[in-house]
Structures are given as structure tokens and as C-alpha cells.
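Here is final24.txt, consisting of compact mmCIF, C-alpha atoms and all ligand atoms:
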# COMPACT_ATOMS: atom_id res chain seq x y z
CA MET A 254 16.47 2.28 -14.54
CA ALA A 255 14.68 5.07 -12.72
CA GLY A 256 15.96 6.10 -9.30
CA SER A 257 14.58 5.32 -5.89
CA ILE A 258 11.44 7.27 -4.99
CA LEU A 259 11.12 5.88 -1.45
CA SER A 260 14.02 4.76 0.69
CA VAL A 261 14.05 3.49 4.23
CA ARG A 262 17.28 3.14 6.19
CA ALA A 263 18.00 1.72 9.64
CA LEU A 264 14.36 2.03 10.61
CA ASN A 265 13.44 0.94 14.12
CA ALA A 266 9.94 1.26 15.51
CA HIS A 267 8.34 0.65 18.87
CA TYR A 268 4.89 0.36 20.39
CA GLY A 269 5.46 1.46 23.95
CA ARG A 270 8.22 -0.80 25.24
CA ALA A 271 7.84 -3.37 22.48
CA HIS A 272 10.57 -3.07 19.83
CA ILE A 273 8.78 -4.08 16.62
CA LEU A 274 10.92 -3.09 13.61
CA HIS A 275 14.66 -3.78 13.60
CA ASP A 276 17.01 -1.95 11.21
CA VAL A 277 14.66 -2.15 8.24
CA GLU A 278 16.03 -1.05 4.87
CA ILE A 279 13.88 -0.95 1.75
CA ASP A 280 13.81 0.87 -1.57
CA LEU A 281 11.00 1.52 -4.00
CA ASP A 282 11.96 2.70 -7.47
CA GLU A 283 9.83 4.88 -9.71
CA GLY A 284 7.20 2.85 -11.52
CA GLU A 285 7.96 -0.29 -9.56
CA VAL A 286 5.55 -2.60 -7.71
CA VAL A 287 7.16 -4.06 -4.60
CA ALA A 288 5.55 -6.42 -2.10
CA LEU A 289 6.15 -6.75 1.62
CA LEU A 290 5.50 -10.39 2.39
CA GLY A 291 5.08 -11.80 5.84
CA ARG A 292 2.82 -13.64 8.21
CA ASN A 293 0.38 -12.17 10.72
CA GLY A 294 2.22 -9.85 13.06
CA ALA A 295 5.42 -9.76 10.99
CA GLY A 296 5.48 -5.97 11.01
CA LYS A 297 4.19 -5.06 7.55
CA SER A 298 1.57 -2.57 8.73
CA THR A 299 3.95 -1.12 11.30
CA LEU A 300 6.44 -0.44 8.51
CA MET A 301 3.84 1.40 6.45
CA LYS A 302 2.64 3.40 9.45
CA SER A 303 6.22 4.32 10.29
CA VAL A 304 6.81 5.57 6.75
CA MET A 305 3.64 7.69 6.97
CA GLY A 306 4.70 9.25 10.26
CA LEU A 307 1.90 7.58 12.20
CA LEU A 308 4.07 5.99 14.87
CA ALA A 309 5.11 7.93 17.92
CA ARG A 310 8.38 6.06 18.38
CA ARG A 311 10.62 5.43 15.43
CA GLN A 312 14.25 6.02 14.60
CA GLY A 313 16.02 5.91 11.27
CA PHE A 314 15.67 7.54 7.90
CA VAL A 315 12.72 7.65 5.52
CA GLY A 316 13.22 9.57 2.28
CA PHE A 317 10.62 10.26 -0.39
CA CYS A 318 11.40 12.10 -3.65
CA GLY A 319 14.58 13.42 -2.11
CA ARG A 320 12.86 14.74 1.03
CA ASP A 321 13.56 13.55 4.55
CA LEU A 322 10.15 12.64 6.00
CA GLY A 323 11.53 12.42 9.52
CA SER A 324 9.95 15.53 10.99
CA LEU A 325 6.83 15.67 8.80
CA ARG A 326 3.23 15.07 9.85
CA PRO A 327 1.16 12.41 8.05
CA TYR A 328 -0.86 15.01 6.11
CA GLU A 329 2.36 16.73 4.98
CA ILE A 330 3.72 13.39 3.77
CA SER A 331 0.55 12.70 1.85
CA ARG A 332 0.76 16.18 0.26
CA LEU A 333 4.21 15.35 -1.03
CA GLY A 334 2.55 12.65 -3.12
CA LEU A 335 2.74 9.53 -0.98
CA ALA A 336 -0.70 7.97 -0.57
CA TYR A 337 -1.60 5.35 2.03
CA VAL A 338 -4.47 2.87 2.09
CA PRO A 339 -4.61 1.31 5.58
CA GLU A 340 -5.77 -2.26 6.17
CA ASP A 341 -8.99 -1.14 7.87
CA ARG A 342 -10.97 0.43 5.06
CA ARG A 343 -12.03 3.87 6.14
CA ILE A 344 -15.07 4.53 4.02
CA PHE A 345 -17.38 7.33 5.10
CA SER A 346 -20.85 5.93 5.74
CA GLY A 347 -23.55 8.43 4.95
CA LEU A 348 -21.61 9.63 1.90
CA THR A 349 -22.15 8.15 -1.53
CA VAL A 350 -19.35 6.62 -3.58
CA MET A 351 -19.00 9.91 -5.50
CA GLU A 352 -18.91 11.93 -2.28
CA ASN A 353 -16.30 9.61 -0.77
CA LEU A 354 -14.17 10.22 -3.85
CA GLU A 355 -14.58 14.00 -3.64
CA VAL A 356 -13.15 13.90 -0.11
CA GLY A 357 -9.89 12.63 -1.59
CA ARG A 358 -9.64 15.21 -4.37
CA ARG A 359 -6.55 17.35 -4.51
CA VAL A 360 -5.32 19.46 -7.38
CA ALA A 361 -2.52 17.74 -9.23
CA LYS A 362 0.77 19.59 -9.09
CA SER A 363 3.08 17.43 -11.10
CA THR A 364 0.94 14.69 -12.58
CA ALA A 365 0.78 14.80 -16.35
CA ASN A 366 -2.45 12.85 -16.50
CA PRO A 367 -4.47 13.64 -13.35
CA TRP A 368 -7.09 11.21 -12.08
CA THR A 369 -10.68 12.10 -12.85
CA LEU A 370 -13.87 10.38 -11.75
CA LYS A 371 -14.20 9.12 -15.31
CA ARG A 372 -10.78 7.49 -15.30
CA LEU A 373 -11.31 6.00 -11.83
CA PHE A 374 -14.65 4.52 -12.83
CA ALA A 375 -12.98 2.99 -15.89
CA LEU A 376 -10.40 1.45 -13.53
CA PHE A 377 -13.07 0.17 -11.11
CA PRO A 378 -16.27 -0.49 -13.13
CA ASN A 379 -18.04 -1.86 -10.03
CA LEU A 380 -17.82 1.58 -8.45
CA ASP A 381 -19.28 3.17 -11.56
CA GLU A 382 -22.45 1.11 -11.15
CA ARG A 383 -22.60 2.05 -7.47
CA ARG A 384 -21.70 5.73 -7.71
CA HIS A 385 -24.85 6.97 -5.94
CA VAL A 386 -24.86 4.25 -3.26
CA ASP A 387 -23.96 4.98 0.37
CA GLY A 388 -20.34 3.91 0.97
CA GLY A 389 -21.45 2.06 4.10
CA ARG A 390 -23.65 -0.23 2.01
CA LEU A 391 -20.90 -1.46 -0.30
CA SER A 392 -19.47 -4.97 -0.14
CA GLY A 393 -16.00 -5.43 1.34
CA GLY A 394 -14.47 -5.63 -2.13
CA GLU A 395 -16.22 -2.48 -3.30
CA GLN A 396 -15.08 -0.65 -0.16
CA GLN A 397 -11.52 -1.73 -0.83
CA MET A 398 -11.75 -0.42 -4.39
CA LEU A 399 -13.24 2.82 -3.10
CA THR A 400 -10.41 3.39 -0.62
CA VAL A 401 -7.84 2.88 -3.37
CA ALA A 402 -9.76 5.13 -5.77
CA ARG A 403 -10.10 7.83 -3.11
CA ALA A 404 -6.35 7.75 -2.49
CA LEU A 405 -5.76 8.17 -6.22
CA MET A 406 -7.94 11.32 -6.23
CA GLY A 407 -4.97 12.98 -4.52
CA ASN A 408 -2.82 12.26 -7.61
CA PRO A 409 0.00 10.59 -5.69
CA ARG A 410 3.37 9.60 -7.15
CA ALA A 411 3.53 6.50 -4.99
CA ILE A 412 1.00 4.54 -2.99
CA LEU A 413 1.23 2.21 0.01
CA LEU A 414 -1.46 -0.50 -0.06
CA ASP A 415 -1.84 -2.49 3.13
CA GLU A 416 -3.16 -5.97 2.23
CA PRO A 417 -5.29 -4.92 -0.75
CA SER A 418 -6.51 -8.48 -1.42
CA GLU A 419 -7.34 -9.45 2.17
CA GLY A 420 -10.75 -11.00 2.69
CA LEU A 421 -11.87 -10.44 -0.90
CA ALA A 422 -13.69 -12.93 -3.13
CA PRO A 423 -11.46 -14.42 -5.85
CA ILE A 424 -13.11 -12.43 -8.63
CA ILE A 425 -12.57 -9.18 -6.73
CA VAL A 426 -8.94 -10.15 -6.06
CA GLU A 427 -8.53 -10.50 -9.83
CA GLN A 428 -9.97 -7.03 -10.38
CA MET A 429 -7.70 -5.58 -7.73
CA ALA A 430 -4.68 -7.22 -9.38
CA HIS A 431 -5.73 -5.73 -12.70
CA ALA A 432 -6.02 -2.29 -11.06
CA VAL A 433 -2.56 -2.51 -9.47
CA LYS A 434 -1.07 -3.40 -12.84
CA ALA A 435 -2.90 -0.44 -14.38
CA LEU A 436 -1.37 1.85 -11.74
CA LYS A 437 2.07 0.56 -12.61
CA ALA A 438 1.34 1.24 -16.27
CA GLU A 439 0.48 4.82 -15.25
CA GLY A 440 3.94 5.14 -13.77
CA LEU A 441 2.92 5.01 -10.11
CA ALA A 442 5.22 3.29 -7.66
CA VAL A 443 3.35 0.81 -5.46
CA LEU A 444 4.41 -0.75 -2.17
CA LEU A 445 1.91 -3.35 -1.04
CA SER A 446 1.83 -5.68 1.91
CA GLU A 447 0.51 -9.16 1.34
CA GLN A 448 0.05 -12.55 2.89
CA ASN A 449 -1.18 -13.81 -0.47
CA LEU A 450 1.99 -14.79 -2.32
CA TYR A 451 0.04 -15.48 -5.50
CA PHE A 452 -1.44 -11.98 -5.62
CA ALA A 453 2.00 -10.49 -4.96
CA HIS A 454 3.51 -12.63 -7.68
CA GLU A 455 0.87 -11.59 -10.18
CA VAL A 456 1.35 -7.86 -9.69
CA GLY A 457 4.79 -7.40 -8.18
CA ASP A 458 8.29 -7.00 -9.54
CA ARG A 459 10.17 -7.66 -6.33
CA ALA A 460 9.48 -8.44 -2.72
CA TYR A 461 10.88 -8.11 0.75
CA VAL A 462 10.16 -10.93 3.17
CA VAL A 463 9.46 -9.60 6.66
CA ASP A 464 9.56 -11.77 9.76
CA ARG A 465 9.50 -10.60 13.37
CA GLY A 466 10.23 -7.05 12.35
CA ARG A 467 13.27 -7.75 10.21
CA ILE A 468 13.81 -8.02 6.47
CA ARG A 469 14.87 -11.64 5.98
CA TYR A 470 15.12 -11.80 2.22
CA GLU A 471 14.85 -9.56 -0.81
CA GLY A 472 14.42 -10.69 -4.39
CA ARG A 473 12.30 -11.29 -7.44
CA LEU A 474 8.91 -12.84 -6.81
CA ASP A 475 9.72 -15.72 -9.14
CA ALA A 476 12.65 -16.62 -6.93
CA ILE A 477 10.53 -16.49 -3.77
CA MET A 478 7.80 -18.62 -5.36
CA ALA A 479 10.42 -21.18 -6.30
CA ASN A 480 12.17 -21.16 -2.91
CA GLU A 481 10.40 -23.56 -0.61
CA ASP A 482 12.79 -22.91 2.28
CA ILE A 483 11.91 -19.23 2.39
CA ARG A 484 8.21 -19.93 2.05
CA ARG A 485 8.29 -22.47 4.87
CA ALA A 486 10.45 -20.40 7.18
CA HIS A 487 8.84 -16.98 6.80
CA LEU A 488 5.54 -17.20 4.93
CA ALA A 489 2.23 -18.87 5.52
CA VAL A 490 2.46 -21.01 2.38
P1 LIG B 1 -1.06 -8.64 9.68
O1 LIG B 1 -0.73 -9.44 8.47
O2 LIG B 1 -1.79 -9.42 10.70
O3 LIG B 1 -1.70 -7.33 9.35
P2 LIG B 1 1.44 -7.21 10.13
O4 LIG B 1 2.61 -7.82 9.44
O5 LIG B 1 0.82 -6.04 9.53
O6 LIG B 1 0.37 -8.36 10.39
P3 LIG B 1 1.82 -5.51 12.42
O7 LIG B 1 0.40 -5.10 12.54
O8 LIG B 1 2.77 -4.53 11.88
O9 LIG B 1 1.94 -6.86 11.61
O10 LIG B 1 2.28 -5.98 13.86
C1 LIG B 1 3.64 -6.20 14.21
C2 LIG B 1 3.74 -6.50 15.68
O11 LIG B 1 3.38 -5.32 16.40
C3 LIG B 1 2.84 -7.60 16.19
O12 LIG B 1 3.53 -8.32 17.17
C4 LIG B 1 1.66 -6.87 16.80
O13 LIG B 1 1.11 -7.60 17.86
C5 LIG B 1 2.34 -5.60 17.32
N1 LIG B 1 1.41 -4.45 17.31
C6 LIG B 1 0.72 -3.99 16.25
N2 LIG B 1 0.00 -2.90 16.56
C7 LIG B 1 0.24 -2.65 17.87
C8 LIG B 1 -0.21 -1.66 18.80
N3 LIG B 1 -1.03 -0.67 18.43
N4 LIG B 1 0.26 -1.74 20.06
C9 LIG B 1 1.11 -2.72 20.44
N5 LIG B 1 1.58 -3.67 19.61
C10 LIG B 1 1.15 -3.65 18.35
MG MG B 2 -1.03 -5.65 8.86
What would you get if you wrote out this structure as C-alpha cells?
Amino acid sequence: MAGSILSVRALNAHYGRAHILHDVEIDLDEGEVVALLGRNGAGKSTLMKSVMGLLARRQGFVGFCGRDLGSLRPYEISRLGLAYVPEDRRIFSGLTVMENLEVGRRVAKSTANPWTLKRLFALFPNLDERRHVDGGRLSGGEQQMLTVARALMGNPRAILLDEPSEGLAPIIVEQMAHAVKALKAEGLAVLLSEQNLYFAHEVGDRAYVVDRGRIRYEGRLDAIMANEDIRRAHLAV
């Protein structure tokens, strides 16, 4: 099995005086899809923001590809090959789909098979049809696809997806699941946060269950699906 590409140890995070994350430990292996499961307010987004260096107050260790991210700025972390798609889709209105994608372009250093517009449009056919449309005029699902595609333009080695299926129509959720599986097939490591256990189960290998800022359980998604106690205690289903 490939080694860990992202590791988080004894991570604590605060918003002002509120202590949100408590001694969080997670690992993401190369080529693995791992889900962070948890209800509203569990701390999933805070964990991703902490990893990306977006939180003013955090303690603990975050390592990516053997580098300590502790003192790095968000843009430096993203340059190391860790992409982040936040839960609020940040599409540029006034720029077309193609122009939004160009904003994310970065020359691949280590990727054997760099992402091109052609490959991204094959991954997200809806975007292909809309390539000359203003990003601000896309549907929610198309915007979500565009934010993921734009992150891929940076040729990351791993990607953090914050609730990729949230608020999307079922058919778009299916397409997103297909895309996540394609990323895994490309060898990307994916950490995604989800409230939708079914989406996580379809795409993920493993999951961490987060509740009130702590990791409560870690295991295969099959085991979580089958464990009614965990679902009742910590998840919305
Ligand atoms: P959701 O599924 O709703 O996105 P989440 O698991 O991502 O939830 P977080 O957004 O990480 O949860 O929130 C964790 C806790 O931190 C919550 O109690 C929330 O109210 C609090 N919180 C989040 N953002 C801030 C902020 N900017 N300032 C203060 N508290 C915050
Ligand atoms: Mg969130």
C-alpha cells in the first residue's frame, strides 16, 4: 500500500475563544478517497480550512508529501500540490467557463499526465457545452463542477472537496460521484466532507466520523453504513 500523503496529528483549532477541533488525527494515503462525515457544525469545514492554513488559531501538526505545512501560507500549500474546493463555490462572474479554468492553470511539475481543457471537458461534459457561458449564469451543479475543474487545472496531487454533493440535483450528484471516481483512477488522493452518507459510500474507501470537533470513529464505509448506532449517534441518517 502506498504511504500517507496527508497526515494530521493532535490538531486543535479555535475561532476566537471557541475551541472547535479537539486533537484531530487523520491520514490520507496516495490514491485513496476518504470521507469526513458529520452533521451540520461538526467541524468538517474547519478541519479543511485548518489544513489549508486558513485559520488564525490552530495547534498541532499537518504534513503533506513529507513537508510540515505549519508555517506555510495557503498559496504555498496549494503550490505544493494540495488543492482545496471550499463549500461556497467561488466562481468568477463576468468570466466564461474557459476563462474561469484559465485562472486555475499552473504548469505541472510532477504530474505525468497533466490536466488539459480537453481532459477536463471529457470529465465534465456539461461544462464542455457551456464553455463560452458566463460562470455566473451556470446552475449550482455546473458551478460545483467548474470549481472542481478549476482546482484540477493546478495539477494537484491531492484535493480537499468540501461537500461536493451539497444542494445538487440527483443526476448531478451522480455525475459528481463519477468524476470523483475518475480522479481516484488518475491516482489523486481525495479528502471530501459529506453529510450524504450514500454519496460517500459510493465514492469513498474509508471515512472518519466527526462530531463536535472530535473524530469519533474511523473505518470502511461499508461498516459505517451497516452500523446503525454510529449513524444515529453522529450522523443525520
Ligand atoms: P456544515 O456541514 O454545516 O458545513 P461543518 O461540519 O463544516 O458543518 P464547521 O463549519 O466546521 O462545521 O463548524 C464547526 C463549528 O465552528 C460550528 O459550531 C460553527 O458554528 C463554528 N464556526 C464555523 N465557522 C465559524 C466562524 N467563522 N466563527 C465562529 N465560529 C465558527
Ligand atoms: Mg462545512
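If all atoms listed in the file are the atoms counted, then among A:Leu300, A:Leu399, A:Arg459, A:Ile258 the closest residue to A:Gly357 is A:Leu399.
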With 6 Å as the cut-off and all atoms listed in the file counted, what is the closest atom pair between each nearby residue of chain A and ligand LIG 1 (chain B)? Distances in Å to one decimal, ordered by chain and number, as JSON lines.
{"residue": "A:Tyr268", "atom": "CA", "partner": "B:LIG1", "partner_atom": "C9", "distance": 4.9}
{"residue": "A:Ile273", "atom": "CA", "partner": "B:LIG1", "partner_atom": "O11", "distance": 5.5}
{"residue": "A:Gly291", "atom": "CA", "partner": "B:LIG1", "partner_atom": "O4", "distance": 5.9}
{"residue": "A:Arg292", "atom": "CA", "partner": "B:LIG1", "partner_atom": "O1", "distance": 5.5}
{"residue": "A:Asn293", "atom": "CA", "partner": "B:LIG1", "partner_atom": "O2", "distance": 3.5}
{"residue": "A:Gly294", "atom": "CA", "partner": "B:LIG1", "partner_atom": "O9", "distance": 3.3}
{"residue": "A:Ala295", "atom": "CA", "partner": "B:LIG1", "partner_atom": "O4", "distance": 3.7}
{"residue": "A:Gly296", "atom": "CA", "partner": "B:LIG1", "partner_atom": "O8", "distance": 3.2}
{"residue": "A:Lys297", "atom": "CA", "partner": "B:LIG1", "partner_atom": "O4", "distance": 3.7}
{"residue": "A:Ser298", "atom": "CA", "partner": "B:LIG1", "partner_atom": "O5", "distance": 3.6}
{"residue": "A:Thr299", "atom": "CA", "partner": "B:LIG1", "partner_atom": "O8", "distance": 3.7}
For this session: May I ask for the distance between atom CA of A:Ser418 and atom CA of A:Leu441, given in Å to one decimal place?
Result: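 Between atom CA of A:Ser418 and atom CA of A:Leu441 the gap works out to 18.6 Å.
Distance check against A:Glu416 using all atoms listed in the file: of A:Pro339, A:Gly256, A:Gly313, A:Gly284, the minimum falls on A:Pro339.
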Seminar exercise, completed: Nearest to A:His275, restricted to all atoms listed in the file and choosing among A:Asp482, A:Glu471, A:Asp464, A:Glu329, comes out as A:Asp464
Seminar exercise, completed: Restricting to all atoms listed in the file, whichever of A:Ile412, A:Lys434, A:Arg342, A:Asp381 is closest to A:Gln397 is A:Arg342
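With distances taken over all atoms listed in the file, A:Ser446 is the one residue among A:Thr400, A:Asn480, A:Ser446, A:Ser324 lying closest to ligand MG 2 (chain B).
The residue that comes closest to A:Asp341, out of A:Leu414, A:Leu373, A:Leu391, A:Ala266 and on the basis of only C-alpha atoms, is A:Leu414.
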Exercise. Got a sec: who's within 6 Å of A:Ala411, counting all atoms listed in the file, leaving out chain neighbours fewer than 5 positions off, as a count of residues only?
Worked result: 4
For this session: Please indicate the distance in Å from atom CA of A:Glu352 to atom CA of A:Arg326, rounded to one decimal place.
Result: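 It comes out at 25.4 Å.
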Output, as lines of an AutoDock Vina configuration file, the centre and edge lengths in Å (one decimal) of the axis-aligned box that contains all listed atoms of stretch 261-277 of chain A with 5 Å of margin on each side.
center_x = 11.4
center_y = -0.3
center_z = 14.7
size_x = 23.1
size_y = 17.6
size_z = 31.0
If we draw a sphere of 12 Å around (-14.3, 11.5, -5.2), which residues have at least one atom in it when counting only C-alpha atoms? Please report them as an mmCIF file with C-alpha atoms, keeping the file's coordinate frame.
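Just written: selection_14.cif:
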data_model
loop_
_atom_site.group_PDB
_atom_site.id
_atom_site.type_symbol
_atom_site.label_atom_id
_atom_site.label_comp_id
_atom_site.auth_asym_id
_atom_site.auth_seq_id
_atom_site.Cartn_x
_atom_site.Cartn_y
_atom_site.Cartn_z
ATOM 1 C CA ILE A 344 -15.070 4.530 4.020
ATOM 2 C CA PHE A 345 -17.380 7.330 5.100
ATOM 3 C CA LEU A 348 -21.610 9.630 1.900
ATOM 4 C CA THR A 349 -22.150 8.150 -1.530
ATOM 5 C CA VAL A 350 -19.350 6.620 -3.580
ATOM 6 C CA MET A 351 -19.000 9.910 -5.500
ATOM 7 C CA GLU A 352 -18.910 11.930 -2.280
ATOM 8 C CA ASN A 353 -16.300 9.610 -0.770
ATOM 9 C CA LEU A 354 -14.170 10.220 -3.850
ATOM 10 C CA GLU A 355 -14.580 14.000 -3.640
ATOM 11 C CA VAL A 356 -13.150 13.900 -0.110
ATOM 12 C CA GLY A 357 -9.890 12.630 -1.590
ATOM 13 C CA ARG A 358 -9.640 15.210 -4.370
ATOM 14 C CA ARG A 359 -6.550 17.350 -4.510
ATOM 15 C CA TRP A 368 -7.090 11.210 -12.080
ATOM 16 C CA THR A 369 -10.680 12.100 -12.850
ATOM 17 C CA LEU A 370 -13.870 10.380 -11.750
ATOM 18 C CA LYS A 371 -14.200 9.120 -15.310
ATOM 19 C CA ARG A 372 -10.780 7.490 -15.300
ATOM 20 C CA LEU A 373 -11.310 6.000 -11.830
ATOM 21 C CA PHE A 374 -14.650 4.520 -12.830
ATOM 22 C CA LEU A 380 -17.820 1.580 -8.450
ATOM 23 C CA ASP A 381 -19.280 3.170 -11.560
ATOM 24 C CA ARG A 384 -21.700 5.730 -7.710
ATOM 25 C CA HIS A 385 -24.850 6.970 -5.940
ATOM 26 C CA GLY A 388 -20.340 3.910 0.970
ATOM 27 C CA LEU A 399 -13.240 2.820 -3.100
ATOM 28 C CA THR A 400 -10.410 3.390 -0.620
ATOM 29 C CA VAL A 401 -7.840 2.880 -3.370
ATOM 30 C CA ALA A 402 -9.760 5.130 -5.770
ATOM 31 C CA ARG A 403 -10.100 7.830 -3.110
ATOM 32 C CA ALA A 404 -6.350 7.750 -2.490
ATOM 33 C CA LEU A 405 -5.760 8.170 -6.220
ATOM 34 C CA MET A 406 -7.940 11.320 -6.230
ATOM 35 C CA GLY A 407 -4.970 12.980 -4.520
ATOM 36 C CA ASN A 408 -2.820 12.260 -7.610
#
For this session: Could you give me, as a count of residues only, the residues that sit within 9 Å of (-14.0, -7.8, -4.3) in the file's coordinates, counting only C-alpha atoms?
Result: 18
Problem set entry | Distance of atom CA of A:Leu474 from atom CA of A:His454, expressed in Å to one decimal place |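 Pair atom CA of A:His454 / atom CA of A:Leu474 returns 5.5 Å.
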For this session: Considering all atoms listed in the file, return as a PyMOL selection string whatever protein or nucleic-acid residues lie within 9 Å of A:Leu488, sequence-local ones (same chain, fewer than 3 positions apart) excluded.
Result: chain A and resi 290-292+448+450+462-464+483-485
